[in-house]
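Shown below: input01.cif, with mmCIF, C-alpha atoms and all ligand atoms.
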data_upload
#
loop_
_atom_site.label_atom_id
_atom_site.label_comp_id
_atom_site.auth_asym_id
_atom_site.auth_seq_id
_atom_site.Cartn_x
_atom_site.Cartn_y
_atom_site.Cartn_z
CA MET A 1443 0.00 0.00 0.00
CA PRO A 1444 1.47 3.40 -0.92
CA ARG A 1445 2.30 5.46 2.10
CA PHE A 1446 2.82 9.17 2.43
CA LEU A 1447 4.33 11.56 4.93
CA ILE A 1448 3.40 14.98 6.25
CA LEU A 1449 6.10 17.25 7.67
CA MET A 1450 5.42 19.75 10.46
CA TYR A 1451 7.44 22.94 10.81
CA HIS A 1452 6.71 26.02 12.96
CA MET A 1453 9.00 29.08 12.70
CA ILE A 1454 11.44 29.51 9.83
CA ARG A 1455 14.06 31.74 11.42
CA GLU A 1456 17.22 31.69 13.49
CA PRO A 1457 16.18 30.59 17.01
CA ALA A 1458 16.09 33.43 19.55
CA ASP A 1459 17.30 31.10 22.32
CA ARG A 1460 18.14 27.45 22.92
CA ARG A 1461 14.60 26.37 23.77
CA GLU A 1462 13.41 27.71 20.44
CA ALA A 1463 15.86 25.61 18.45
CA ARG A 1464 13.25 22.84 18.33
CA TYR A 1465 10.59 25.08 16.78
CA ALA A 1466 12.69 27.53 14.75
CA CYS A 1467 14.32 26.19 11.60
CA PRO A 1468 16.94 28.55 10.12
CA PRO A 1469 16.00 29.49 6.51
CA ASP A 1470 19.13 28.03 4.88
CA ARG A 1471 18.48 24.76 6.69
CA PHE A 1472 14.82 24.79 5.61
CA ARG A 1473 16.00 25.22 2.01
CA ARG A 1474 18.45 22.32 2.36
CA HIS A 1475 15.71 20.10 3.80
CA LEU A 1476 13.37 20.85 0.89
CA GLU A 1477 16.09 20.48 -1.75
CA ALA A 1478 17.02 17.13 -0.22
CA LEU A 1479 13.44 15.84 -0.55
CA ALA A 1480 13.66 15.89 -4.33
CA HIS A 1481 17.17 14.44 -4.17
CA TRP A 1482 15.85 11.47 -2.16
CA GLY A 1483 13.01 10.91 -4.64
CA PHE A 1484 10.18 12.42 -2.61
CA GLU A 1485 7.44 14.29 -4.43
CA PRO A 1486 5.93 17.24 -2.54
CA VAL A 1487 2.13 17.28 -2.76
CA SER A 1488 -0.62 19.49 -1.33
CA LEU A 1489 -2.99 18.44 1.45
CA ASP A 1490 -5.82 18.84 -1.09
CA ARG A 1491 -4.24 16.10 -3.13
CA ILE A 1492 -3.90 13.91 -0.05
CA ALA A 1493 -7.57 14.54 0.82
CA ARG A 1494 -8.59 13.51 -2.72
CA HIS A 1495 -6.51 10.36 -2.32
CA LEU A 1496 -8.22 9.47 0.96
CA ASP A 1497 -11.76 10.51 -0.08
CA GLU A 1498 -11.84 9.51 -3.73
CA ASN A 1499 -8.89 7.17 -4.10
CA ALA A 1500 -7.20 9.65 -6.46
CA PRO A 1501 -3.66 8.48 -7.22
CA LEU A 1502 -0.75 9.75 -5.14
CA PRO A 1503 2.91 9.56 -6.14
CA GLU A 1504 4.96 6.71 -4.71
CA LYS A 1505 6.90 8.88 -2.22
CA ALA A 1506 4.47 11.72 -1.55
CA VAL A 1507 5.26 14.22 1.16
CA ALA A 1508 3.30 17.30 2.26
CA VAL A 1509 4.86 20.35 3.94
CA THR A 1510 2.90 22.04 6.75
CA LEU A 1511 3.77 24.96 9.01
CA ASP A 1512 1.84 25.50 12.25
CA ASP A 1513 0.61 28.71 13.89
CA GLY A 1514 1.15 31.43 11.23
CA PHE A 1515 4.41 33.12 12.22
CA ALA A 1516 5.32 36.18 10.12
CA ASP A 1517 8.69 34.57 9.37
CA ASN A 1518 6.76 32.09 7.20
CA TYR A 1519 6.14 35.00 4.83
CA HIS A 1520 9.61 36.55 5.01
CA ASN A 1521 11.69 33.37 5.05
CA ALA A 1522 9.69 30.28 4.04
CA PHE A 1523 7.56 31.73 1.24
CA PRO A 1524 10.48 32.74 -1.07
CA ILE A 1525 12.05 29.30 -0.67
CA LEU A 1526 8.78 27.43 -1.27
CA GLN A 1527 8.19 29.55 -4.36
CA ALA A 1528 11.71 29.12 -5.72
CA LEU A 1529 11.46 25.33 -5.36
CA ALA A 1530 7.78 25.23 -6.45
CA ILE A 1531 6.83 23.22 -3.35
CA PRO A 1532 3.20 23.34 -2.15
CA ALA A 1533 2.62 24.01 1.55
CA THR A 1534 -0.20 24.52 4.04
CA ILE A 1535 0.11 27.06 6.85
CA PHE A 1536 -2.24 26.45 9.81
CA LEU A 1537 -3.45 29.73 11.30
CA ALA A 1538 -4.44 30.46 14.90
CA THR A 1539 -6.57 33.31 13.58
CA GLY A 1540 -7.04 35.28 16.82
CA HIS A 1541 -3.31 35.98 17.04
CA LEU A 1542 -2.75 37.21 13.49
CA GLY A 1543 -1.20 40.67 13.27
CA LYS A 1544 -0.10 40.31 16.92
CA THR A 1545 2.41 37.97 18.57
CA ASN A 1546 2.54 34.35 19.77
CA ALA A 1547 0.95 35.36 23.10
CA TRP A 1548 -0.29 31.80 23.79
CA MET A 1549 3.37 30.81 24.29
CA ARG A 1550 3.74 32.48 27.68
CA ASP A 1551 7.30 33.02 28.92
CA TRP A 1552 8.67 32.33 25.44
CA PRO A 1553 10.27 34.88 23.10
CA GLN A 1554 7.52 36.82 21.34
CA HIS A 1555 7.49 37.08 17.54
CA PRO A 1556 5.15 38.77 15.08
CA MET A 1557 2.41 36.66 13.51
CA LEU A 1558 1.32 36.96 9.87
CA SER A 1559 -0.87 39.84 8.72
CA TRP A 1560 -3.84 39.29 6.41
CA ASP A 1561 -2.01 41.23 3.67
CA GLU A 1562 0.86 38.74 3.86
CA ILE A 1563 -1.57 35.81 3.94
CA ARG A 1564 -3.46 37.12 0.91
CA GLU A 1565 -0.25 37.58 -1.07
CA MET A 1566 0.91 34.05 -0.30
CA HIS A 1567 -2.55 32.68 -1.12
CA ARG A 1568 -2.39 34.37 -4.54
CA HIS A 1569 0.83 32.44 -5.14
CA GLY A 1570 -0.61 29.07 -4.22
CA ILE A 1571 0.12 28.71 -0.51
CA ASP A 1572 -2.78 26.97 1.24
CA PHE A 1573 -4.16 28.08 4.62
CA GLY A 1574 -5.74 25.78 7.19
CA GLY A 1575 -7.43 26.24 10.57
CA HIS A 1576 -5.60 25.93 13.89
CA THR A 1577 -8.38 27.32 16.17
CA VAL A 1578 -8.81 30.99 17.06
CA THR A 1579 -6.87 31.19 20.34
CA HIS A 1580 -4.56 28.13 20.02
CA CYS A 1581 -6.47 26.35 22.79
CA HIS A 1582 -6.26 22.81 24.18
CA LEU A 1583 -9.28 21.29 22.43
CA ASP A 1584 -9.41 18.39 24.89
CA GLN A 1585 -9.71 20.77 27.85
CA VAL A 1586 -12.40 23.22 26.77
CA PRO A 1587 -16.19 22.63 26.80
CA ALA A 1588 -17.63 21.25 23.56
CA SER A 1589 -19.40 24.55 22.82
CA GLN A 1590 -16.09 26.41 22.99
CA ALA A 1591 -14.31 23.78 20.89
CA ARG A 1592 -17.04 24.21 18.28
CA THR A 1593 -16.57 27.99 18.19
CA GLU A 1594 -12.77 27.68 17.98
CA ILE A 1595 -12.90 25.12 15.16
CA ARG A 1596 -15.62 26.84 13.11
CA ASP A 1597 -14.66 30.48 13.57
CA CYS A 1598 -11.08 30.09 12.36
CA LYS A 1599 -12.40 28.35 9.23
CA GLN A 1600 -15.01 31.03 8.64
CA VAL A 1601 -12.62 33.97 8.95
CA ILE A 1602 -10.07 32.35 6.62
CA GLU A 1603 -12.78 31.73 4.02
CA ASP A 1604 -14.18 35.26 4.38
CA ARG A 1605 -10.76 36.88 4.05
CA LEU A 1606 -9.50 34.72 1.17
CA GLY A 1607 -12.76 33.97 -0.63
CA HIS A 1608 -11.59 30.38 -0.87
CA PRO A 1609 -12.59 27.23 1.05
CA CYS A 1610 -10.48 26.25 4.07
CA HIS A 1611 -10.21 22.47 3.85
CA HIS A 1612 -7.65 21.46 6.44
CA PHE A 1613 -7.20 21.68 10.18
CA ALA A 1614 -4.40 20.98 12.67
CA TYR A 1615 -5.03 20.32 16.39
CA PRO A 1616 -3.07 22.84 18.52
CA TYR A 1617 -0.47 21.10 20.73
CA GLY A 1618 -1.58 17.91 18.97
CA ARG A 1619 -4.34 17.73 21.63
CA PHE A 1620 -7.84 16.45 20.82
CA ASP A 1621 -10.54 14.10 22.07
CA ASP A 1622 -13.38 12.29 20.28
CA THR A 1623 -15.63 15.35 20.56
CA ALA A 1624 -13.07 17.64 18.93
CA VAL A 1625 -12.50 15.19 16.07
CA GLU A 1626 -16.27 14.93 15.51
CA ILE A 1627 -16.65 18.72 15.46
CA VAL A 1628 -13.83 19.08 12.92
CA ARG A 1629 -15.42 16.37 10.78
CA GLU A 1630 -18.86 18.05 10.91
CA SER A 1631 -17.51 21.55 10.26
CA GLY A 1632 -16.76 20.94 6.59
CA TYR A 1633 -13.02 20.30 6.76
CA ARG A 1634 -11.61 17.52 4.59
CA SER A 1635 -8.67 16.58 6.79
CA ALA A 1636 -7.01 17.21 10.13
CA CYS A 1637 -3.39 16.79 11.19
CA THR A 1638 -2.28 15.48 14.58
CA THR A 1639 1.27 15.44 15.95
CA ARG A 1640 1.33 11.64 16.10
CA PRO A 1641 4.45 10.57 14.24
CA GLY A 1642 4.49 8.01 11.48
CA PHE A 1643 3.53 7.13 7.93
CA ASN A 1644 0.04 7.63 6.56
CA HIS A 1645 -1.72 5.34 4.11
CA ARG A 1646 -5.06 4.94 2.36
CA GLU A 1647 -6.72 3.45 5.45
CA ARG A 1648 -5.81 6.37 7.69
CA ASP A 1649 -8.74 8.40 9.08
CA PRO A 1650 -8.43 11.75 7.21
CA PHE A 1651 -9.10 13.51 10.52
CA LEU A 1652 -6.26 11.77 12.33
CA LEU A 1653 -3.35 12.25 9.95
CA HIS A 1654 0.10 11.59 11.33
CA ARG A 1655 2.97 14.06 10.93
CA ILE A 1656 6.72 14.03 11.32
CA GLU A 1657 7.99 16.89 13.48
CA VAL A 1658 10.96 18.54 11.79
CA GLN A 1659 13.02 20.40 14.35
CA GLY A 1660 15.27 23.37 13.74
CA THR A 1661 18.20 21.22 14.81
CA ASP A 1662 17.55 18.50 12.21
CA THR A 1663 20.34 18.04 9.71
CA ALA A 1664 19.59 16.59 6.28
CA GLY A 1665 20.86 13.28 7.70
CA SER A 1666 18.48 13.20 10.67
CA LEU A 1667 15.60 14.33 8.44
CA LYS A 1668 16.36 11.45 6.09
CA ARG A 1669 16.24 8.96 8.98
CA LYS A 1670 12.91 10.42 10.14
CA LEU A 1671 11.46 10.05 6.63
CA THR A 1672 12.88 6.60 6.04
CA PHE A 1673 11.59 5.15 9.29
CA GLY A 1674 8.50 7.32 9.85
CA THR A 1675 9.59 8.50 13.28
CA ASN A 1676 10.34 11.74 15.12
CA GLU A 1677 13.64 10.30 16.26
CA GLY A 1678 16.41 11.30 13.90
CA GLY A 1679 19.28 9.72 15.84
CA LEU A 1680 21.78 7.30 14.38
CA GLY A 1681 20.33 4.43 16.47
CA VAL A 1682 16.95 4.62 14.75
CA PRO A 1683 17.66 2.21 11.86
CA LEU A 1684 18.90 -0.40 14.32
CA LYS A 1685 15.78 -0.10 16.48
CA TYR A 1686 13.56 -0.21 13.38
CA TYR A 1687 15.04 -3.41 12.06
CA ALA A 1688 15.12 -4.98 15.53
CA ASN A 1689 11.39 -4.27 15.91
CA ARG A 1690 10.62 -5.68 12.46
CA LEU A 1691 12.61 -8.78 13.25
CA LYS A 1692 10.79 -9.15 16.58
CA ALA A 1693 7.44 -8.75 14.82
CA ARG A 1694 8.37 -11.41 12.27
CA LEU A 1695 9.51 -13.79 14.99
CA GLY A 1696 6.41 -13.00 17.02
CA VAL A 1697 8.31 -12.09 20.18
ZN ZN B 1701 0.31 25.37 17.05
#

Here is the file; what I need is its structure written in the form of structure tokens.
Amino acid sequence: MPRFLILMYHMIREPADRREARYACPPDRFRRHLEALAHWGFEPVSLDRIARHLDENAPLPEKAVAVTLDDGFADNYHNAFPILQALAIPATIFLATGHLGKTNAWMRDWPQHPMLSWDEIREMHRHGIDFGGHTVTHCHLDQVPASQARTEIRDCKQVIEDRLGHPCHHFAYPYGRFDDTAVEIVRESGYRSACTTRPGFNHRERDPFLLHRIEVQGTDTAGSLKRKLTFGTNEGGLGVPLKYYANRLKARLGV
């Protein structure tokens, strides 16, 4: 069965401090990651194409990979957008719409950075970048009442569609947190897919509202990214291949 991967980035910038190194990928490194994908035979595809594969069994390339960026940091416009355009790679940016034009205030005690403006979002949209929902306030969907989860999930979709005049098809759960109610609300709200932060490969049988993603960290070299993609894991260490084959051997031996 063909399998496909979805990559998750956040900020594309030099990290402001050591904690941020996980979430902030320097632009030249981001470019090297994306250039390496083609080199390794991966074919970047949009989430729309993945949704059509899951919903309608539309064909997907053998080594399909989708690029996503969470939250809507302004550096996505300044740093990621030119690289994505130059390499003609499709991408989806998930927006926490209540923070746009302000800063990442939901990350208390972390360095604050500007979030995208609607002008920047519109310009990227005109050039093919896709925008998905990521709630309004970047809340924990498994910790708020169902009525609030519904507002968060629907309102971010509505504002994106109003501002862009284009359907918003995809959603990502903030912090990777969700429960059955949240998944049901996303499903009923007219989205076609939703991304979690569960690592691993996806395939035709995957619930479109529980898609797995590989977290690419700012510290990932091309080598560690390649190990993550090869083995469908968030661990990019040199021990990963060994563990992978040991587990496969154990599975085959039934131990
Ligand atoms: Zn987020």

Kindly compile the residues surrounding ligand ZN 1701 (chain B) within 8 Å, counting all atoms listed in the file, and format them as a ChimeraX atom specification.
-> /A:1452,1512-1513,1536,1538,1576,1580,1614-1618

Got a sec: who's within 9 Å of Cys1581 in chain A, counting all atoms listed in the file, leaving out chain neighbours fewer than 2 positions off, as JSON, numbers by chain?
-> {"A": [1548, 1576, 1577, 1578, 1579, 1583, 1584, 1585, 1586, 1591, 1594, 1615, 1616, 1617, 1619]}

Write out as a ChimeraX atom specification the residues lying within 12 Å of Gly1681 in chain A, counting only C-alpha atoms and excluding same-chain residues fewer than 6 positions away.
-> /A:1666,1669-1670,1673,1675,1687-1688

Just how far from CA of His1608 in chain A is CA of Ala1466 in chain A, in Å to one decimal?
-> 29.0 Å

Tell me which of A:Pro1501, A:Gly1660, A:Gly1575, A:Gly1674 sits closest to Gly1642 in chain A, counting all atoms listed in the file.
->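 Nearest to Gly1642 in chain A: A:Gly1674.
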